[in-house]
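Structure file data.pdb (PDB, C-alpha atoms) follows.
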MODEL        1
ATOM      1  CA  MET A 182      73.938  63.174  17.877
ATOM      2  CA  SER A 183      77.428  64.280  18.912
ATOM      3  CA  PHE A 184      78.600  64.541  22.515
ATOM      4  CA  ARG A 185      78.697  68.357  22.276
ATOM      5  CA  GLU A 186      75.148  68.559  20.950
ATOM      6  CA  LYS A 187      73.891  66.275  23.719
ATOM      7  CA  SER A 188      75.760  68.475  26.193
ATOM      8  CA  ALA A 189      74.042  71.588  24.791
ATOM      9  CA  TRP A 190      70.618  69.901  25.058
ATOM     10  CA  ILE A 191      71.283  68.949  28.703
ATOM     11  CA  SER A 192      72.280  72.497  29.644
ATOM     12  CA  LEU A 193      69.356  74.013  27.727
ATOM     13  CA  VAL A 194      66.745  71.790  29.378
ATOM     14  CA  LEU A 195      68.278  72.172  32.845
ATOM     15  CA  ILE A 196      68.331  75.967  32.525
ATOM     16  CA  LEU A 197      64.718  75.962  31.378
ATOM     17  CA  VAL A 198      63.487  73.689  34.165
ATOM     18  CA  MET A 199      65.635  74.841  37.092
ATOM     19  CA  PHE A 200      65.735  78.574  36.479
ATOM     20  CA  GLY A 201      62.177  78.573  35.146
ATOM     21  CA  ALA A 202      61.180  77.388  38.618
ATOM     22  CA  TYR A 203      63.346  80.065  40.220
ATOM     23  CA  PHE A 204      61.915  82.952  38.230
ATOM     24  CA  ARG A 205      58.421  81.659  38.947
ATOM     25  CA  THR A 206      59.303  82.122  42.617
ATOM     26  CA  VAL A 207      60.625  85.610  41.861
ATOM     27  CA  SER A 208      57.315  86.481  40.193
ATOM     28  CA  GLN A 209      55.578  85.273  43.379
ATOM     29  CA  VAL A 210      57.796  87.641  45.399
ATOM     30  CA  VAL A 211      56.744  90.494  43.119
ATOM     31  CA  SER A 212      53.061  89.626  43.592
ATOM     32  CA  GLY A 213      53.567  89.326  47.365
ATOM     33  CA  GLU A 214      52.821  85.585  47.577
ATOM     34  CA  THR A 215      56.219  84.717  49.033
ATOM     35  CA  SER A 216      59.210  86.436  50.656
ATOM     36  CA  ARG A 217      62.564  87.518  49.279
ATOM     37  CA  ALA A 218      64.314  85.243  51.787
ATOM     38  CA  SER A 219      62.420  82.290  50.346
ATOM     39  CA  ALA A 220      63.523  83.254  46.823
ATOM     40  CA  SER A 221      67.139  83.555  47.998
ATOM     41  CA  HIS A 222      67.009  80.051  49.491
ATOM     42  CA  TRP A 223      65.523  78.787  46.234
ATOM     43  CA  MET A 224      68.327  80.439  44.321
ATOM     44  CA  LEU A 225      71.072  78.794  46.367
ATOM     45  CA  GLY A 226      69.401  75.411  46.178
ATOM     46  CA  LEU A 227      68.728  75.660  42.464
ATOM     47  CA  VAL A 228      72.245  76.765  41.576
ATOM     48  CA  LEU A 229      73.680  73.844  43.563
ATOM     49  CA  GLY A 230      71.101  71.456  42.092
ATOM     50  CA  PHE A 231      71.846  72.767  38.610
ATOM     51  CA  LEU A 232      75.574  72.111  39.029
ATOM     52  CA  VAL A 233      75.002  68.616  40.433
ATOM     53  CA  LEU A 234      72.577  67.656  37.646
ATOM     54  CA  GLU A 235      74.931  69.075  34.990
ATOM     55  CA  VAL A 236      77.722  66.837  36.315
ATOM     56  CA  VAL A 237      75.466  63.769  36.610
ATOM     57  CA  PHE A 238      73.981  64.078  33.108
ATOM     58  CA  HIS A 239      77.345  64.881  31.526
ATOM     59  CA  LEU A 240      78.864  61.858  33.232
ATOM     60  CA  ALA A 241      76.011  59.756  31.849
ATOM     61  CA  ILE A 242      76.601  60.864  28.236
ATOM     62  CA  ALA A 243      80.379  60.598  28.700
ATOM     63  CA  ILE A 244      79.961  56.967  29.783
ATOM     64  CA  GLN A 245      77.799  56.358  26.691
ATOM     65  CA  SER A 246      80.476  57.694  24.331
ATOM     66  CA  PRO A 247      83.786  58.008  26.205
ATOM     67  CA  ARG A 248      85.879  58.612  23.085
ATOM     68  CA  ASP A 249      83.793  61.621  22.004
ATOM     69  CA  ALA A 250      83.826  62.993  25.540
ATOM     70  CA  ARG A 251      87.627  62.842  25.773
ATOM     71  CA  ALA A 252      88.238  64.306  22.311
ATOM     72  CA  PRO A 253      88.953  68.043  22.161
ATOM     73  CA  LYS A 254      86.517  70.228  20.209
ATOM     74  CA  ASP A 255      87.201  70.142  16.485
ATOM     75  CA  GLU A 256      87.169  73.265  14.286
ATOM     76  CA  ARG A 257      83.434  73.085  13.520
ATOM     77  CA  GLU A 258      82.538  72.683  17.186
ATOM     78  CA  ARG A 259      84.813  75.599  18.118
ATOM     79  CA  LEU A 260      83.186  77.766  15.442
ATOM     80  CA  ILE A 261      79.702  76.832  16.668
ATOM     81  CA  SER A 262      80.714  77.651  20.224
ATOM     82  CA  LEU A 263      82.137  81.041  19.198
ATOM     83  CA  LYS A 264      79.121  82.018  17.082
ATOM     84  CA  ALA A 265      76.650  81.008  19.791
ATOM     85  CA  THR A 266      78.626  82.910  22.438
ATOM     86  CA  ARG A 267      78.619  86.000  20.199
ATOM     87  CA  ILE A 268      74.817  85.925  20.001
ATOM     88  CA  ALA A 269      74.539  85.341  23.766
ATOM     89  CA  TYR A 270      76.860  88.306  24.391
ATOM     90  CA  PHE A 271      74.411  90.680  22.694
ATOM     91  CA  VAL A 272      71.531  89.226  24.721
ATOM     92  CA  LEU A 273      73.501  89.728  27.931
ATOM     93  CA  MET A 274      74.454  93.302  26.984
ATOM     94  CA  ILE A 275      70.843  94.238  26.214
ATOM     95  CA  GLY A 276      69.716  92.688  29.513
ATOM     96  CA  ALA A 277      72.422  94.491  31.467
ATOM     97  CA  LEU A 278      71.636  97.844  29.830
ATOM     98  CA  LEU A 279      67.898  97.402  30.491
ATOM     99  CA  SER A 280      68.736  96.634  34.131
ATOM    100  CA  LEU A 281      70.793  99.827  34.407
ATOM    101  CA  PHE A 282      68.056 101.836  32.716
ATOM    102  CA  SER A 283      65.446 100.446  35.122
ATOM    103  CA  TYR A 284      67.665 101.198  38.117
ATOM    104  CA  TRP A 285      68.608 104.730  37.089
ATOM    105  CA  HIS A 286      65.478 105.986  35.368
ATOM    106  CA  LEU A 287      62.568 103.876  36.622
ATOM    107  CA  GLY A 288      63.644 103.848  40.267
ATOM    108  CA  MET A 289      63.789 100.067  40.481
ATOM    109  CA  GLY A 290      65.247  98.872  43.788
ATOM    110  CA  ALA A 291      68.447  96.911  44.335
ATOM    111  CA  TRP A 292      66.751  93.518  44.742
ATOM    112  CA  PRO A 293      64.617  93.686  41.570
ATOM    113  CA  THR A 294      67.651  95.022  39.694
ATOM    114  CA  SER A 295      69.780  92.112  40.873
ATOM    115  CA  GLN A 296      67.049  89.691  39.735
ATOM    116  CA  HIS A 297      66.910  91.471  36.383
ATOM    117  CA  VAL A 298      70.675  91.083  35.963
ATOM    118  CA  PHE A 299      70.491  87.429  37.011
ATOM    119  CA  LEU A 300      67.655  86.845  34.540
ATOM    120  CA  SER A 301      69.804  88.431  31.811
ATOM    121  CA  ILE A 302      72.675  86.053  32.596
ATOM    122  CA  VAL A 303      70.428  82.990  32.645
ATOM    123  CA  PHE A 304      68.611  84.017  29.454
ATOM    124  CA  ALA A 305      71.923  84.691  27.676
ATOM    125  CA  GLU A 306      73.103  81.183  28.627
ATOM    126  CA  PHE A 307      69.790  79.762  27.389
ATOM    127  CA  VAL A 308      70.197  81.572  24.069
ATOM    128  CA  LYS A 309      73.804  80.334  23.790
ATOM    129  CA  PHE A 310      72.836  76.677  24.104
ATOM    130  CA  ALA A 311      69.774  77.119  21.861
ATOM    131  CA  ALA A 312      71.975  78.759  19.198
ATOM    132  CA  GLN A 313      74.514  75.934  19.475
ATOM    133  CA  ILE A 314      71.774  73.372  18.853
ATOM    134  CA  VAL A 315      70.492  75.323  15.838
ATOM    135  CA  PHE A 316      74.032  75.514  14.389
ATOM    136  CA  PHE A 317      74.616  71.813  15.027
ATOM    137  CA  ARG A 318      71.360  70.925  13.251
ATOM    138  CA  ARG A 319      71.201  73.458  10.414
ATOM    139  CA  GLY A 320      74.890  73.985   9.754
ATOM    140  CA  VAL A 321      77.292  76.802  10.408
TER     141      VAL A 321
ATOM    142  CA  MET B 789      72.924  76.693   5.402
ATOM    143  CA  GLY B 790      73.845  75.972   1.809
ATOM    144  CA  CYS B 791      77.172  77.040   0.384
ATOM    145  CA  ALA B 792      78.801  77.413  -3.017
ATOM    146  CA  ILE B 793      81.350  74.699  -2.271
ATOM    147  CA  ARG B 794      80.524  71.225  -3.559
ATOM    148  CA  ASN B 795      82.456  68.111  -2.703
ATOM    149  CA  ASN B 796      82.898  64.505  -3.787
ATOM    150  CA  ILE B 797      83.778  63.090  -0.404
ATOM    151  CA  ARG B 798      80.993  60.557  -0.407
ATOM    152  CA  GLN B 799      82.064  59.200  -3.803
ATOM    153  CA  LEU B 800      85.731  59.213  -2.784
ATOM    154  CA  ARG B 801      84.939  57.297   0.392
ATOM    155  CA  PHE B 802      83.020  54.761  -1.659
ATOM    156  CA  ASP B 803      85.938  54.425  -4.078
ATOM    157  CA  HIS B 804      88.358  53.860  -1.193
ATOM    158  CA  ALA B 805      87.036  50.534   0.059
ATOM    159  CA  GLU B 806      83.812  52.126   1.308
ATOM    160  CA  MET B 807      85.640  54.063   3.966
ATOM    161  CA  THR B 808      83.251  55.097   6.734
ATOM    162  CA  GLN B 809      82.726  58.679   7.886
ATOM    163  CA  GLN B 810      84.212  57.660  11.239
ATOM    164  CA  ASP B 811      87.380  56.302   9.561
ATOM    165  CA  LEU B 812      87.824  59.536   7.643
ATOM    166  CA  ALA B 813      87.071  61.606  10.741
ATOM    167  CA  ASP B 814      89.696  59.699  12.744
ATOM    168  CA  ARG B 815      92.313  60.237  10.064
ATOM    169  CA  ILE B 816      91.804  64.005   9.859
ATOM    170  CA  GLY B 817      91.123  64.635  13.541
ATOM    171  CA  VAL B 818      87.508  65.799  13.508
ATOM    172  CA  THR B 819      84.250  64.238  14.666
ATOM    173  CA  ARG B 820      82.117  61.990  12.462
ATOM    174  CA  GLN B 821      79.375  64.638  12.643
ATOM    175  CA  THR B 822      81.766  67.195  11.167
ATOM    176  CA  VAL B 823      82.601  64.899   8.234
ATOM    177  CA  ASN B 824      78.852  64.426   7.719
ATOM    178  CA  ALA B 825      78.272  68.198   7.835
ATOM    179  CA  ILE B 826      81.041  68.737   5.246
ATOM    180  CA  GLU B 827      79.588  66.065   2.955
ATOM    181  CA  LEU B 828      76.133  67.618   3.156
ATOM    182  CA  GLY B 829      77.497  71.129   2.472
ATOM    183  CA  LYS B 830      76.441  72.353   5.915
ATOM    184  CA  TYR B 831      79.987  73.279   6.852
ATOM    185  CA  SER B 832      82.919  74.523   4.789
ATOM    186  CA  PRO B 833      86.113  73.160   6.340
ATOM    187  CA  SER B 834      89.309  75.101   6.898
ATOM    188  CA  LEU B 835      92.038  74.865   4.261
ATOM    189  CA  GLU B 836      94.000  72.615   6.604
ATOM    190  CA  VAL B 837      91.192  70.079   6.931
ATOM    191  CA  ALA B 838      90.423  70.320   3.198
ATOM    192  CA  PHE B 839      94.053  69.455   2.363
ATOM    193  CA  GLN B 840      94.023  66.651   4.928
ATOM    194  CA  ILE B 841      90.938  65.131   3.280
ATOM    195  CA  ALA B 842      92.580  65.338  -0.143
ATOM    196  CA  ALA B 843      95.730  63.736   1.279
ATOM    197  CA  VAL B 844      93.753  60.835   2.762
ATOM    198  CA  PHE B 845      92.327  60.060  -0.673
ATOM    199  CA  GLY B 846      95.609  60.818  -2.439
ATOM    200  CA  VAL B 847      94.042  63.266  -4.895
ATOM    201  CA  PRO B 848      94.469  66.991  -5.604
ATOM    202  CA  LEU B 849      92.256  69.374  -3.636
ATOM    203  CA  ASP B 850      90.147  70.279  -6.659
ATOM    204  CA  GLN B 851      89.093  66.670  -7.049
ATOM    205  CA  VAL B 852      87.577  66.819  -3.587
ATOM    206  CA  PHE B 853      86.121  70.334  -3.508
ATOM    207  CA  GLN B 854      84.702  72.495  -6.271
ATOM    208  CA  TYR B 855      83.653  76.106  -5.954
ATOM    209  CA  ASP B 856      80.573  77.332  -7.803
ATOM    210  CA  LYS B 857      80.538  81.076  -8.272
ATOM    211  CA  PRO B 858      77.233  82.453  -6.928
ATOM    212  CA  GLY B 859      74.801  83.344  -9.705
ATOM    213  CA  ARG B 860      76.023  80.656 -12.060
TER     214      ARG B 860
ENDMDL
END
Just dump the structure as structure tokens.
Amino acid sequence: MSFREKSAWISLVLILVMFGAYFRTVSQVVSGETSRASASHWMLGLVLGFLVLEVVFHLAIAIQSPRDARAPKDERERLISLKATRIAYFVLMIGALLSLFSYWHLGMGAWPTSQHVFLSIVFAEFVKFAAQIVFFRRGV
Amino acid sequence: MGCAIRNNIRQLRFDHAEMTQQDLADRIGVTRQTVNAIELGKYSPSLEVAFQIAAVFGVPLDQVFQYDKPGR
């Protein structure tokens, strides 16, 4: 498995685990089990934790294969990155438009709307890394 | 993803002192996984990389890559 594919797997799993936990907390806010302040603290902690774990795991795979880690992306890796980002862009746009629709036409408040937008960003990133893995495995 | 471009890279590597995918990758400036993807027909390289591969083996491009018209 190439360095870039390992990197995509790390980001995919971290997004799933870390932000899965966050949106579980958000669902608890919606059902009244916890407060918005608690969710905000979670968010700060998880974003910081996410960044730290990304660095730690990427350092670990870079130590395993330092030459691959130092090498710039080749043409296939750049193409995979571009195609995956294109797919993620559409996911983000749909999420953003649904957020606007909910805010304008369904009377959703500012906090739920901000969570909806954040969910769209996180899901688009998830789709990007998932698409990269599919392209790495199945071809591009 | 299959494609209509076939190649003889594996055979050419074998004929050139059993050159490894990593050796070829180093010479043309791509990763070993990209050479593997090209060999398996999972990725069609750019013209630049295709010419570089042919140059490494010292053969014309059409001895490395062949194009099958779809429907043939």
When the cut-off is 9 Å and we count all atoms listed in the file, which residues of chain B are near chain A, given as a ChimeraX atom specification?
/B:789-790,817-822,825,829-834,837
Name the residues that the PyMOL selection byres ((chain A and resi 302) around 10) pulls out of this structure, and write them as an MDAnalysis selection string.
chainID A and resid 269:270 272:274 276:277 296:301 303:308
Take CA of Tyr284 (chain A) and CA of Val211 (chain A) and report the distance between them in Å, one decimal.
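Here the two named atoms are 16.1 Å from each other.
Atom to atom, CA of Trp285 (chain A) and CA of Thr266 (chain A) stand 28.1 Å apart.
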Nearest to Val237 (chain A), chosen from A:Val315, A:Arg251, A:Leu195, A:Ala265, with all atoms listed in the file counted in the distances
A:Leu195
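For the structure in this document, the set picked by the PyMOL selection byres ((chain A and resi 196) around 10) is Trp190, Ile191, Ser192, Leu193, Val194, Leu195, Leu197, Val198, Met199, Phe200, Gly201, Ala202, Leu227, Val228, Phe231, Glu235, Val303, Phe304, Glu306, Phe307 and Phe310 of chain A.
Taking CA of Ile793 (chain B) and CA of Pro848 (chain B) as endpoints, the distance between them is 15.6 Å.
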